[in-house]
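*Asks:* Just input_20.cif, nothing more (mmCIF, N, CA and C atoms):
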data_coords
loop_
_atom_site.label_atom_id
_atom_site.label_comp_id
_atom_site.auth_asym_id
_atom_site.auth_seq_id
_atom_site.Cartn_x
_atom_site.Cartn_y
_atom_site.Cartn_z
N MET A 19 -39.77 39.85 -168.60
CA MET A 19 -41.08 40.46 -168.52
C MET A 19 -41.11 41.68 -169.45
N LYS A 20 -42.14 41.75 -170.29
CA LYS A 20 -42.20 42.80 -171.31
C LYS A 20 -43.04 44.00 -170.88
N ILE A 21 -43.65 43.92 -169.72
CA ILE A 21 -44.45 45.05 -169.21
C ILE A 21 -43.54 45.93 -168.38
N ILE A 22 -43.65 47.25 -168.60
CA ILE A 22 -42.84 48.18 -167.83
C ILE A 22 -43.76 49.18 -167.12
N LYS A 23 -43.18 49.91 -166.18
CA LYS A 23 -43.92 50.91 -165.43
C LYS A 23 -44.46 51.98 -166.38
N LYS A 24 -45.65 52.48 -166.10
CA LYS A 24 -46.37 53.52 -166.86
C LYS A 24 -46.99 53.00 -168.15
N ASP A 25 -46.95 51.70 -168.42
CA ASP A 25 -47.69 51.13 -169.55
C ASP A 25 -49.17 51.14 -169.21
N THR A 26 -50.01 51.29 -170.23
CA THR A 26 -51.45 51.12 -170.04
C THR A 26 -51.77 49.68 -170.38
N VAL A 27 -52.41 48.98 -169.44
CA VAL A 27 -52.70 47.56 -169.64
C VAL A 27 -54.19 47.28 -169.45
N MET A 28 -54.63 46.15 -170.01
CA MET A 28 -56.00 45.69 -169.85
C MET A 28 -55.95 44.31 -169.20
N VAL A 29 -56.85 44.09 -168.23
CA VAL A 29 -56.92 42.80 -167.56
C VAL A 29 -57.69 41.84 -168.45
N ILE A 30 -57.12 40.65 -168.69
CA ILE A 30 -57.76 39.69 -169.59
C ILE A 30 -58.33 38.48 -168.86
N ALA A 31 -58.13 38.40 -167.55
CA ALA A 31 -58.66 37.27 -166.79
C ALA A 31 -58.89 37.68 -165.34
N GLY A 32 -59.86 37.06 -164.70
CA GLY A 32 -60.13 37.32 -163.28
C GLY A 32 -61.34 38.18 -163.07
N ARG A 33 -61.56 38.60 -161.84
CA ARG A 33 -62.76 39.36 -161.50
C ARG A 33 -62.77 40.77 -162.08
N ASP A 34 -61.60 41.31 -162.41
CA ASP A 34 -61.51 42.65 -162.99
C ASP A 34 -61.33 42.61 -164.51
N LYS A 35 -61.74 41.52 -165.14
CA LYS A 35 -61.57 41.35 -166.58
C LYS A 35 -62.20 42.50 -167.35
N GLY A 36 -61.43 43.07 -168.31
CA GLY A 36 -61.92 44.17 -169.12
C GLY A 36 -61.51 45.54 -168.62
N LYS A 37 -61.07 45.66 -167.37
CA LYS A 37 -60.64 46.96 -166.83
C LYS A 37 -59.27 47.32 -167.38
N THR A 38 -59.05 48.63 -167.54
CA THR A 38 -57.75 49.11 -167.97
C THR A 38 -57.19 50.05 -166.91
N GLY A 39 -55.88 50.17 -166.88
CA GLY A 39 -55.23 51.07 -165.94
C GLY A 39 -53.74 51.16 -166.22
N GLU A 40 -53.10 52.09 -165.52
CA GLU A 40 -51.67 52.31 -165.68
C GLU A 40 -50.90 51.44 -164.70
N VAL A 41 -49.78 50.89 -165.14
CA VAL A 41 -48.94 50.06 -164.28
C VAL A 41 -48.21 50.97 -163.30
N LEU A 42 -48.40 50.72 -162.00
CA LEU A 42 -47.75 51.51 -160.96
C LEU A 42 -46.42 50.91 -160.53
N ALA A 43 -46.35 49.56 -160.54
CA ALA A 43 -45.12 48.88 -160.11
C ALA A 43 -45.01 47.55 -160.83
N VAL A 44 -43.77 47.13 -161.07
CA VAL A 44 -43.49 45.85 -161.72
C VAL A 44 -42.55 45.07 -160.81
N MET A 45 -42.89 43.80 -160.57
CA MET A 45 -42.06 42.93 -159.75
C MET A 45 -41.66 41.70 -160.56
N PRO A 46 -40.58 41.80 -161.36
CA PRO A 46 -40.21 40.69 -162.25
C PRO A 46 -39.80 39.41 -161.52
N GLU A 47 -39.29 39.53 -160.30
CA GLU A 47 -38.87 38.33 -159.56
C GLU A 47 -40.07 37.45 -159.20
N ASN A 48 -41.26 38.05 -159.04
CA ASN A 48 -42.48 37.31 -158.73
C ASN A 48 -43.43 37.22 -159.92
N ASN A 49 -43.07 37.86 -161.05
CA ASN A 49 -43.92 37.94 -162.24
C ASN A 49 -45.26 38.60 -161.91
N MET A 50 -45.21 39.69 -161.13
CA MET A 50 -46.41 40.40 -160.70
C MET A 50 -46.34 41.86 -161.13
N VAL A 51 -47.53 42.48 -161.30
CA VAL A 51 -47.64 43.90 -161.59
C VAL A 51 -48.73 44.50 -160.73
N VAL A 52 -48.59 45.78 -160.39
CA VAL A 52 -49.61 46.52 -159.66
C VAL A 52 -50.21 47.51 -160.66
N VAL A 53 -51.54 47.42 -160.85
CA VAL A 53 -52.23 48.26 -161.83
C VAL A 53 -53.20 49.17 -161.08
N GLU A 54 -53.21 50.44 -161.47
CA GLU A 54 -54.05 51.44 -160.84
C GLU A 54 -55.54 51.11 -161.05
N GLY A 55 -56.29 51.00 -159.96
CA GLY A 55 -57.73 50.76 -160.03
C GLY A 55 -58.13 49.32 -160.27
N VAL A 56 -57.17 48.41 -160.26
CA VAL A 56 -57.45 46.99 -160.50
C VAL A 56 -56.99 46.19 -159.29
N ASN A 57 -57.77 45.17 -158.92
CA ASN A 57 -57.48 44.30 -157.78
C ASN A 57 -57.39 45.14 -156.49
N VAL A 58 -58.38 46.00 -156.30
CA VAL A 58 -58.42 46.88 -155.14
C VAL A 58 -59.07 46.12 -153.98
N VAL A 59 -58.42 46.16 -152.82
CA VAL A 59 -58.95 45.51 -151.62
C VAL A 59 -59.07 46.56 -150.52
N LYS A 60 -59.96 46.27 -149.57
CA LYS A 60 -60.14 47.19 -148.44
C LYS A 60 -59.42 46.62 -147.24
N ARG A 61 -58.67 47.48 -146.58
CA ARG A 61 -57.88 47.08 -145.42
C ARG A 61 -58.38 47.87 -144.22
N HIS A 62 -58.74 47.15 -143.17
CA HIS A 62 -59.19 47.78 -141.93
C HIS A 62 -57.96 48.02 -141.05
N THR A 63 -57.73 49.29 -140.69
CA THR A 63 -56.53 49.62 -139.93
C THR A 63 -56.88 50.27 -138.60
N LYS A 64 -56.06 50.00 -137.61
CA LYS A 64 -56.19 50.65 -136.31
C LYS A 64 -55.54 52.02 -136.39
N PRO A 65 -55.93 52.94 -135.52
CA PRO A 65 -55.24 54.23 -135.49
C PRO A 65 -53.76 54.07 -135.12
N SER A 66 -52.92 54.82 -135.81
CA SER A 66 -51.47 54.80 -135.54
C SER A 66 -50.93 56.22 -135.74
N GLN A 67 -49.63 56.39 -135.55
CA GLN A 67 -49.03 57.70 -135.75
C GLN A 67 -49.08 58.12 -137.22
N VAL A 68 -48.92 57.16 -138.11
CA VAL A 68 -48.97 57.45 -139.54
C VAL A 68 -50.40 57.78 -139.96
N ASN A 69 -51.35 56.99 -139.49
CA ASN A 69 -52.76 57.17 -139.83
C ASN A 69 -53.55 57.34 -138.54
N PRO A 70 -53.64 58.55 -137.98
CA PRO A 70 -54.24 58.74 -136.67
C PRO A 70 -55.73 58.38 -136.57
N LYS A 71 -56.45 58.50 -137.68
CA LYS A 71 -57.87 58.16 -137.65
C LYS A 71 -58.12 56.66 -137.74
N GLY A 72 -57.26 55.95 -138.46
CA GLY A 72 -57.52 54.54 -138.70
C GLY A 72 -58.61 54.42 -139.74
N GLY A 73 -59.36 53.32 -139.71
CA GLY A 73 -60.48 53.15 -140.61
C GLY A 73 -60.19 52.21 -141.75
N ILE A 74 -60.94 52.37 -142.84
CA ILE A 74 -60.84 51.47 -143.99
C ILE A 74 -60.07 52.16 -145.10
N ILE A 75 -59.01 51.50 -145.57
CA ILE A 75 -58.15 52.03 -146.62
C ILE A 75 -58.25 51.10 -147.84
N GLU A 76 -58.33 51.68 -149.03
CA GLU A 76 -58.33 50.88 -150.25
C GLU A 76 -56.90 50.79 -150.78
N ILE A 77 -56.47 49.55 -151.09
CA ILE A 77 -55.10 49.29 -151.52
C ILE A 77 -55.13 48.55 -152.86
N ASN A 78 -54.23 48.93 -153.78
CA ASN A 78 -54.06 48.18 -155.03
C ASN A 78 -53.10 47.03 -154.76
N LYS A 79 -53.59 45.81 -154.89
CA LYS A 79 -52.75 44.62 -154.68
C LYS A 79 -52.17 44.16 -156.02
N PRO A 80 -51.02 43.50 -155.99
CA PRO A 80 -50.42 43.01 -157.25
C PRO A 80 -51.21 41.85 -157.83
N LEU A 81 -51.14 41.70 -159.15
CA LEU A 81 -51.72 40.54 -159.81
C LEU A 81 -50.72 40.00 -160.80
N ASP A 82 -50.92 38.75 -161.22
CA ASP A 82 -49.95 38.09 -162.07
C ASP A 82 -49.87 38.77 -163.43
N ALA A 83 -48.67 38.88 -163.96
CA ALA A 83 -48.44 39.57 -165.23
C ALA A 83 -49.10 38.84 -166.39
N SER A 84 -49.36 37.55 -166.25
CA SER A 84 -50.00 36.80 -167.33
C SER A 84 -51.47 37.16 -167.49
N LYS A 85 -52.04 37.86 -166.51
CA LYS A 85 -53.45 38.25 -166.57
C LYS A 85 -53.67 39.61 -167.20
N VAL A 86 -52.60 40.28 -167.64
CA VAL A 86 -52.73 41.60 -168.26
C VAL A 86 -52.03 41.63 -169.62
N MET A 87 -52.55 42.49 -170.50
CA MET A 87 -51.92 42.73 -171.80
C MET A 87 -51.80 44.23 -172.01
N VAL A 88 -50.72 44.64 -172.65
CA VAL A 88 -50.48 46.05 -172.92
C VAL A 88 -51.46 46.52 -173.99
N VAL A 89 -52.01 47.73 -173.82
CA VAL A 89 -52.96 48.29 -174.77
C VAL A 89 -52.21 49.08 -175.83
N ASP A 90 -52.49 48.77 -177.10
CA ASP A 90 -51.89 49.47 -178.24
C ASP A 90 -52.54 50.84 -178.36
N PRO A 91 -51.78 51.95 -178.32
CA PRO A 91 -52.39 53.28 -178.37
C PRO A 91 -53.04 53.61 -179.72
N THR A 92 -52.62 52.96 -180.79
CA THR A 92 -53.21 53.26 -182.09
C THR A 92 -54.57 52.58 -182.28
N THR A 93 -54.69 51.33 -181.85
CA THR A 93 -55.94 50.58 -182.03
C THR A 93 -56.79 50.51 -180.76
N LYS A 94 -56.22 50.88 -179.62
CA LYS A 94 -56.89 50.82 -178.31
C LYS A 94 -57.32 49.39 -177.95
N LYS A 95 -56.59 48.40 -178.47
CA LYS A 95 -56.87 46.99 -178.17
C LYS A 95 -55.64 46.37 -177.52
N PRO A 96 -55.84 45.30 -176.74
CA PRO A 96 -54.68 44.63 -176.15
C PRO A 96 -53.79 44.01 -177.23
N ALA A 97 -52.49 44.11 -177.03
CA ALA A 97 -51.54 43.60 -178.01
C ALA A 97 -50.35 42.99 -177.31
N ARG A 98 -49.71 42.06 -178.01
CA ARG A 98 -48.46 41.49 -177.51
C ARG A 98 -47.32 42.44 -177.84
N ILE A 99 -46.26 42.35 -177.05
CA ILE A 99 -45.09 43.21 -177.23
C ILE A 99 -43.97 42.39 -177.85
N GLY A 100 -43.29 42.99 -178.82
CA GLY A 100 -42.13 42.37 -179.43
C GLY A 100 -40.97 43.35 -179.41
N TYR A 101 -39.82 42.88 -179.81
CA TYR A 101 -38.64 43.74 -179.87
C TYR A 101 -38.05 43.67 -181.27
N LYS A 102 -37.51 44.79 -181.72
CA LYS A 102 -36.91 44.87 -183.03
C LYS A 102 -35.68 45.75 -182.92
N LEU A 103 -34.63 45.39 -183.65
CA LEU A 103 -33.43 46.20 -183.63
C LEU A 103 -33.63 47.43 -184.50
N GLY A 104 -33.30 48.59 -183.96
CA GLY A 104 -33.45 49.85 -184.68
C GLY A 104 -32.29 50.10 -185.61
N ALA A 105 -32.26 51.28 -186.18
CA ALA A 105 -31.23 51.65 -187.15
C ALA A 105 -29.84 51.68 -186.51
N LYS A 106 -29.74 52.14 -185.28
CA LYS A 106 -28.44 52.24 -184.62
C LYS A 106 -28.11 51.00 -183.80
N GLY A 107 -28.90 49.95 -183.94
CA GLY A 107 -28.64 48.71 -183.21
C GLY A 107 -29.27 48.67 -181.84
N LYS A 108 -30.11 49.67 -181.51
CA LYS A 108 -30.80 49.68 -180.22
C LYS A 108 -32.06 48.83 -180.32
N LYS A 109 -32.39 48.19 -179.22
CA LYS A 109 -33.58 47.36 -179.16
C LYS A 109 -34.79 48.25 -178.89
N GLU A 110 -35.83 48.15 -179.73
CA GLU A 110 -37.04 48.96 -179.57
C GLU A 110 -38.24 48.05 -179.35
N ARG A 111 -39.15 48.51 -178.49
CA ARG A 111 -40.40 47.76 -178.25
C ARG A 111 -41.39 48.10 -179.34
N ILE A 112 -42.07 47.08 -179.87
CA ILE A 112 -43.13 47.31 -180.86
C ILE A 112 -44.35 46.49 -180.47
N TYR A 113 -45.52 46.95 -180.93
CA TYR A 113 -46.76 46.20 -180.73
C TYR A 113 -46.90 45.23 -181.89
N LYS A 114 -47.20 43.97 -181.60
CA LYS A 114 -47.29 42.95 -182.63
C LYS A 114 -48.47 43.20 -183.58
N VAL A 115 -49.55 43.81 -183.09
CA VAL A 115 -50.74 44.01 -183.90
C VAL A 115 -50.51 45.08 -184.97
N SER A 116 -50.07 46.26 -184.57
CA SER A 116 -49.95 47.38 -185.51
C SER A 116 -48.51 47.67 -185.93
N LYS A 117 -47.54 46.96 -185.36
CA LYS A 117 -46.12 47.19 -185.64
C LYS A 117 -45.70 48.62 -185.30
N PHE A 118 -46.40 49.23 -184.35
CA PHE A 118 -46.14 50.60 -183.93
C PHE A 118 -45.03 50.61 -182.90
N LYS A 119 -44.03 51.44 -183.09
CA LYS A 119 -42.95 51.58 -182.12
C LYS A 119 -43.40 52.57 -181.07
N ASN A 120 -43.40 52.15 -179.80
CA ASN A 120 -43.97 53.02 -178.78
C ASN A 120 -42.96 53.72 -177.90
N ALA A 121 -41.84 53.12 -177.62
CA ALA A 121 -40.95 53.62 -176.58
C ALA A 121 -40.45 55.04 -176.88
N LYS A 122 -39.85 55.26 -178.01
CA LYS A 122 -39.27 56.57 -178.32
C LYS A 122 -40.34 57.60 -178.65
N VAL A 123 -41.31 57.24 -179.48
CA VAL A 123 -42.32 58.18 -179.94
C VAL A 123 -43.17 58.67 -178.78
N LYS A 124 -43.55 57.78 -177.89
CA LYS A 124 -44.41 58.13 -176.76
C LYS A 124 -43.72 59.15 -175.85
N LYS A 125 -42.45 58.93 -175.53
CA LYS A 125 -41.73 59.81 -174.62
C LYS A 125 -41.49 61.18 -175.25
N GLU A 126 -41.15 61.21 -176.54
CA GLU A 126 -40.87 62.48 -177.20
C GLU A 126 -42.11 63.36 -177.27
N THR A 127 -43.28 62.78 -177.53
CA THR A 127 -44.49 63.58 -177.62
C THR A 127 -44.85 64.17 -176.27
N LYS A 128 -44.65 63.42 -175.19
CA LYS A 128 -44.95 63.94 -173.86
C LYS A 128 -44.04 65.12 -173.52
N LYS A 129 -42.75 64.99 -173.84
CA LYS A 129 -41.80 66.06 -173.54
C LYS A 129 -42.14 67.31 -174.34
N ALA A 130 -42.51 67.16 -175.60
CA ALA A 130 -42.83 68.30 -176.44
C ALA A 130 -44.06 69.04 -175.92
N GLU A 131 -45.07 68.28 -175.44
CA GLU A 131 -46.28 68.91 -174.92
C GLU A 131 -46.00 69.70 -173.65
N THR A 132 -45.18 69.15 -172.75
CA THR A 132 -44.91 69.84 -171.48
C THR A 132 -44.06 71.09 -171.69
N LYS A 133 -43.10 71.02 -172.61
CA LYS A 133 -42.27 72.19 -172.88
C LYS A 133 -43.10 73.32 -173.48
N GLY A 134 -44.02 72.97 -174.37
CA GLY A 134 -44.85 73.98 -175.01
C GLY A 134 -45.83 74.62 -174.01
N GLY A 135 -46.29 73.85 -173.02
CA GLY A 135 -47.25 74.36 -172.05
C GLY A 135 -46.63 75.32 -171.06
N LYS A 136 -45.34 75.16 -170.74
CA LYS A 136 -44.69 76.01 -169.74
C LYS A 136 -44.39 77.40 -170.27
N LYS A 137 -44.09 77.52 -171.57
CA LYS A 137 -43.69 78.80 -172.15
C LYS A 137 -44.81 79.73 -172.32
#
Written as structure tokens, that's how I'd like the structure from this file.

*Replies:*
Amino acid sequence: MKIIKKDTVMVIAGRDKGKTGEVLAVMPENNMVVVEGVNVVKRHTKPSQVNPKGGIIEINKPLDASKVMVVDPTTKKPARIGYKLGAKGKKERIYKVSKFKNAKVKKETKKAETKGGKK
């Protein structure tokens, strides 16, 4: 499975077609993913110690990984994921559409922004 946690994905089939969201959980053994704000169902619950009021709770249910595609951050369009060997022999994820390497660049920019904001 080429989708990982914290990827931004777009739904390409089903009732939520066209919606985008962040991957909250990946279940490779079932080929399922849980996406934030997609495939939301309402669950009626009785009062309990955990939820003393009870009532209606909205839950994100998993959907099949074949129904989602990773969104390319450069083009903002759904793209397939490929792998390419880097300079040091490490496997890197790339987007097939723009050939953009996302794994290393994405993480480094986030770390740089947070370090600069704290100082």

*Asks:* Quick one: residues within 7 Å of Met28 in chain A, only C-alpha atoms counted, chain neighbours fewer than 3 positions away excluded, as a PyMOL selection string?

*Replies:* chain A and resi 36-39+86-89+96

*Asks:* Any chance you could resolve the PyMOL selection byres (((chain A and resi 102 and name CA) around 12) and name CA) against this file and give the residues as JSON, numbers by chain?

*Replies:* {"A": [99, 100, 101, 103, 104, 105, 106, 107, 108, 109, 110, 111, 112, 113, 114, 117, 118, 119, 120, 121]}

*Asks:* Pick out the residues sitting within 8 Å of Ser84 in chain A, and hand them over as a PyMOL selection string; count only N, CA and C atoms, and ignore anything fewer than 6 positions along from it in its own chain.

*Replies:* chain A and resi 29-31+49-51

*Asks:* Might you pull out every residue within 7 Å of Ile77 in chain A, with all atoms listed in the file counted and same-chain residues fewer than 5 positions away left off, and present them as a PyMOL selection string?

*Replies:* chain A and resi 57-61

*Asks:* How far is it from CA of Pro65 in chain A to CA of Asn78 in chain A, in Å with one decimal?

*Replies:*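 Here the two named atoms are 20.5 Å from each other.
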
*Asks:* Do you know which residues the PyMOL selection byres ((chain A and resi 25) around 6) returns on this file, as a list in words?

*Replies:* Ile22, Lys23, Lys24, Thr26, Val27, Gly39, Glu40 and Val41 of chain A

*Asks:* Keeping only N, CA and C atoms, write the selected residues as a PDB file, keeping the file's coordinate frame.

*Replies:*
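File result-v1.pdb, as written:
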ATOM      1  N   ILE A  22     -43.650  47.250-168.600  1.00  0.00           N
ATOM      2  CA  ILE A  22     -42.840  48.180-167.830  1.00  0.00           C
ATOM      3  C   ILE A  22     -43.760  49.180-167.120  1.00  0.00           C
ATOM      4  N   LYS A  23     -43.180  49.910-166.180  1.00  0.00           N
ATOM      5  CA  LYS A  23     -43.920  50.910-165.430  1.00  0.00           C
ATOM      6  C   LYS A  23     -44.460  51.980-166.380  1.00  0.00           C
ATOM      7  N   LYS A  24     -45.650  52.480-166.100  1.00  0.00           N
ATOM      8  CA  LYS A  24     -46.370  53.520-166.860  1.00  0.00           C
ATOM      9  C   LYS A  24     -46.990  53.000-168.150  1.00  0.00           C
ATOM     10  N   THR A  26     -50.010  51.290-170.230  1.00  0.00           N
ATOM     11  CA  THR A  26     -51.450  51.120-170.040  1.00  0.00           C
ATOM     12  C   THR A  26     -51.770  49.680-170.380  1.00  0.00           C
ATOM     13  N   VAL A  27     -52.410  48.980-169.440  1.00  0.00           N
ATOM     14  CA  VAL A  27     -52.700  47.560-169.640  1.00  0.00           C
ATOM     15  C   VAL A  27     -54.190  47.280-169.450  1.00  0.00           C
ATOM     16  N   GLY A  39     -55.880  50.170-166.880  1.00  0.00           N
ATOM     17  CA  GLY A  39     -55.230  51.070-165.940  1.00  0.00           C
ATOM     18  C   GLY A  39     -53.740  51.160-166.220  1.00  0.00           C
ATOM     19  N   GLU A  40     -53.100  52.090-165.520  1.00  0.00           N
ATOM     20  CA  GLU A  40     -51.670  52.310-165.680  1.00  0.00           C
ATOM     21  C   GLU A  40     -50.900  51.440-164.700  1.00  0.00           C
ATOM     22  N   VAL A  41     -49.780  50.890-165.140  1.00  0.00           N
ATOM     23  CA  VAL A  41     -48.940  50.060-164.280  1.00  0.00           C
ATOM     24  C   VAL A  41     -48.210  50.970-163.300  1.00  0.00           C
TER      25      VAL A  41
END

*Asks:* For atom C of Gly55 in chain A and CA of Pro80 in chain A, determine how far apart the two atoms are, in Å to one decimal place.

*Replies:*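 CA of Pro80 in chain A lies 10.4 Å from atom C of Gly55 in chain A.
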
*Asks:* What lies within 9 Å of Gly72 in chain A using only C-alpha atoms, ignoring chain neighbours under 6 positions off, as a PyMOL selection string?

*Replies:* chain A and resi 62-66

*Asks:* For those residues, write N, CA and C atoms to a file as an mmCIF file, in the coordinates of the input.

*Replies:*
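Result file is result.cif:
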data_model
loop_
_atom_site.group_PDB
_atom_site.id
_atom_site.type_symbol
_atom_site.label_atom_id
_atom_site.label_comp_id
_atom_site.auth_asym_id
_atom_site.auth_seq_id
_atom_site.Cartn_x
_atom_site.Cartn_y
_atom_site.Cartn_z
ATOM 1 N N HIS A 62 -58.740 47.150 -143.170
ATOM 2 C CA HIS A 62 -59.190 47.780 -141.930
ATOM 3 C C HIS A 62 -57.960 48.020 -141.050
ATOM 4 N N THR A 63 -57.730 49.290 -140.690
ATOM 5 C CA THR A 63 -56.530 49.620 -139.930
ATOM 6 C C THR A 63 -56.880 50.270 -138.600
ATOM 7 N N LYS A 64 -56.060 50.000 -137.610
ATOM 8 C CA LYS A 64 -56.190 50.650 -136.310
ATOM 9 C C LYS A 64 -55.540 52.020 -136.390
ATOM 10 N N PRO A 65 -55.930 52.940 -135.520
ATOM 11 C CA PRO A 65 -55.240 54.230 -135.490
ATOM 12 C C PRO A 65 -53.760 54.070 -135.120
ATOM 13 N N SER A 66 -52.920 54.820 -135.810
ATOM 14 C CA SER A 66 -51.470 54.800 -135.540
ATOM 15 C C SER A 66 -50.930 56.220 -135.740
#

*Asks:* Starting from the structure just given, write a file holding range 41-121 of chain A with C-alpha atoms, as a JSON list (two decimals), in the first residue's frame.

*Replies:*
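Output file out_20.json is given in full below:
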[["chain", "number", "residue", "atom", "x", "y", "z"],
["A", 41, "VAL", "CA", -5.31, 10.19, 6.31],
["A", 42, "LEU", "CA", -5.83, 9.45, 10.02],
["A", 43, "ALA", "CA", -5.16, 5.70, 9.94],
["A", 44, "VAL", "CA", -3.98, 3.06, 7.48],
["A", 45, "MET", "CA", -4.94, -0.61, 7.69],
["A", 46, "PRO", "CA", -2.83, -2.48, 5.09],
["A", 47, "GLU", "CA", -4.09, -5.93, 6.14],
["A", 48, "ASN", "CA", -7.64, -4.91, 5.03],
["A", 49, "ASN", "CA", -6.53, -2.42, 2.32],
["A", 50, "MET", "CA", -8.51, 0.31, 4.13],
["A", 51, "VAL", "CA", -7.82, 3.93, 5.12],
["A", 52, "VAL", "CA", -9.58, 6.35, 7.48],
["A", 53, "VAL", "CA", -9.78, 9.88, 6.05],
["A", 54, "GLU", "CA", -10.70, 12.96, 8.08],
["A", 55, "GLY", "CA", -14.17, 14.28, 7.13],
["A", 56, "VAL", "CA", -14.89, 11.46, 4.66],
["A", 57, "ASN", "CA", -17.32, 8.54, 5.12],
["A", 58, "VAL", "CA", -18.71, 10.10, 8.30],
["A", 59, "VAL", "CA", -21.55, 8.17, 9.96],
["A", 60, "LYS", "CA", -23.73, 9.01, 12.94],
["A", 61, "ARG", "CA", -23.76, 6.60, 15.86],
["A", 62, "HIS", "CA", -26.52, 6.68, 18.46],
["A", 63, "THR", "CA", -25.05, 5.84, 21.87],
["A", 64, "LYS", "CA", -26.53, 5.17, 25.28],
["A", 65, "PRO", "CA", -25.13, 7.02, 28.29],
["A", 66, "SER", "CA", -22.06, 5.31, 29.77],
["A", 67, "GLN", "CA", -19.16, 6.15, 32.08],
["A", 68, "VAL", "CA", -17.04, 7.22, 29.12],
["A", 69, "ASN", "CA", -19.84, 9.29, 27.54],
["A", 70, "PRO", "CA", -22.26, 10.22, 30.36],
["A", 71, "LYS", "CA", -24.64, 12.19, 28.15],
["A", 72, "GLY", "CA", -24.93, 9.65, 25.36],
["A", 73, "GLY", "CA", -26.53, 10.97, 22.18],
["A", 74, "ILE", "CA", -25.43, 11.07, 18.56],
["A", 75, "ILE", "CA", -21.71, 10.86, 17.76],
["A", 76, "GLU", "CA", -20.14, 11.35, 14.32],
["A", 77, "ILE", "CA", -17.48, 8.76, 13.46],
["A", 78, "ASN", "CA", -15.05, 8.54, 10.51],
["A", 79, "LYS", "CA", -15.39, 5.02, 9.10],
["A", 80, "PRO", "CA", -12.68, 3.37, 6.98],
["A", 81, "LEU", "CA", -13.00, 3.14, 3.21],
["A", 82, "ASP", "CA", -11.15, 1.08, 0.64],
["A", 83, "ALA", "CA", -7.74, 2.41, -0.38],
["A", 84, "SER", "CA", -8.61, 1.95, -4.06],
["A", 85, "LYS", "CA", -11.19, 4.74, -3.73],
["A", 86, "VAL", "CA", -8.62, 7.41, -2.81],
["A", 87, "MET", "CA", -5.63, 9.00, -4.54],
["A", 88, "VAL", "CA", -2.84, 11.04, -2.98],
["A", 89, "VAL", "CA", -2.96, 14.77, -3.84],
["A", 90, "ASP", "CA", 0.20, 16.22, -5.40],
["A", 91, "PRO", "CA", 1.11, 19.40, -3.43],
["A", 92, "THR", "CA", 2.60, 21.13, -6.48],
["A", 93, "THR", "CA", -0.36, 20.67, -8.87],
["A", 94, "LYS", "CA", -3.12, 20.11, -6.24],
["A", 95, "LYS", "CA", -4.40, 17.20, -8.37],
["A", 96, "PRO", "CA", -4.65, 13.49, -7.55],
["A", 97, "ALA", "CA", -1.54, 11.58, -8.56],
["A", 98, "ARG", "CA", -0.16, 8.07, -8.44],
["A", 99, "ILE", "CA", 2.78, 7.33, -6.17],
["A", 100, "GLY", "CA", 6.01, 5.77, -7.37],
["A", 101, "TYR", "CA", 9.35, 4.95, -5.80],
["A", 102, "LYS", "CA", 12.82, 5.89, -6.96],
["A", 103, "LEU", "CA", 16.22, 5.10, -5.53],
["A", 104, "GLY", "CA", 17.97, 8.20, -4.19],
["A", 105, "ALA", "CA", 21.63, 9.12, -4.29],
["A", 106, "LYS", "CA", 22.49, 7.10, -1.17],
["A", 107, "GLY", "CA", 20.42, 4.09, -2.25],
["A", 108, "LYS", "CA", 17.39, 5.03, -0.13],
["A", 109, "LYS", "CA", 13.94, 4.52, -1.56],
["A", 110, "GLU", "CA", 12.06, 7.83, -2.03],
["A", 111, "ARG", "CA", 8.38, 8.40, -2.79],
["A", 112, "ILE", "CA", 7.64, 10.51, -5.87],
["A", 113, "TYR", "CA", 4.47, 11.71, -7.57],
["A", 114, "LYS", "CA", 4.11, 10.25, -11.05],
["A", 115, "VAL", "CA", 2.55, 13.44, -12.47],
["A", 116, "SER", "CA", 5.14, 16.05, -11.45],
["A", 117, "LYS", "CA", 8.06, 13.77, -10.45],
["A", 118, "PHE", "CA", 8.16, 15.74, -7.18],
["A", 119, "LYS", "CA", 9.86, 14.03, -4.26],
["A", 120, "ASN", "CA", 7.64, 14.54, -1.24],
["A", 121, "ALA", "CA", 8.88, 12.51, 1.71]]
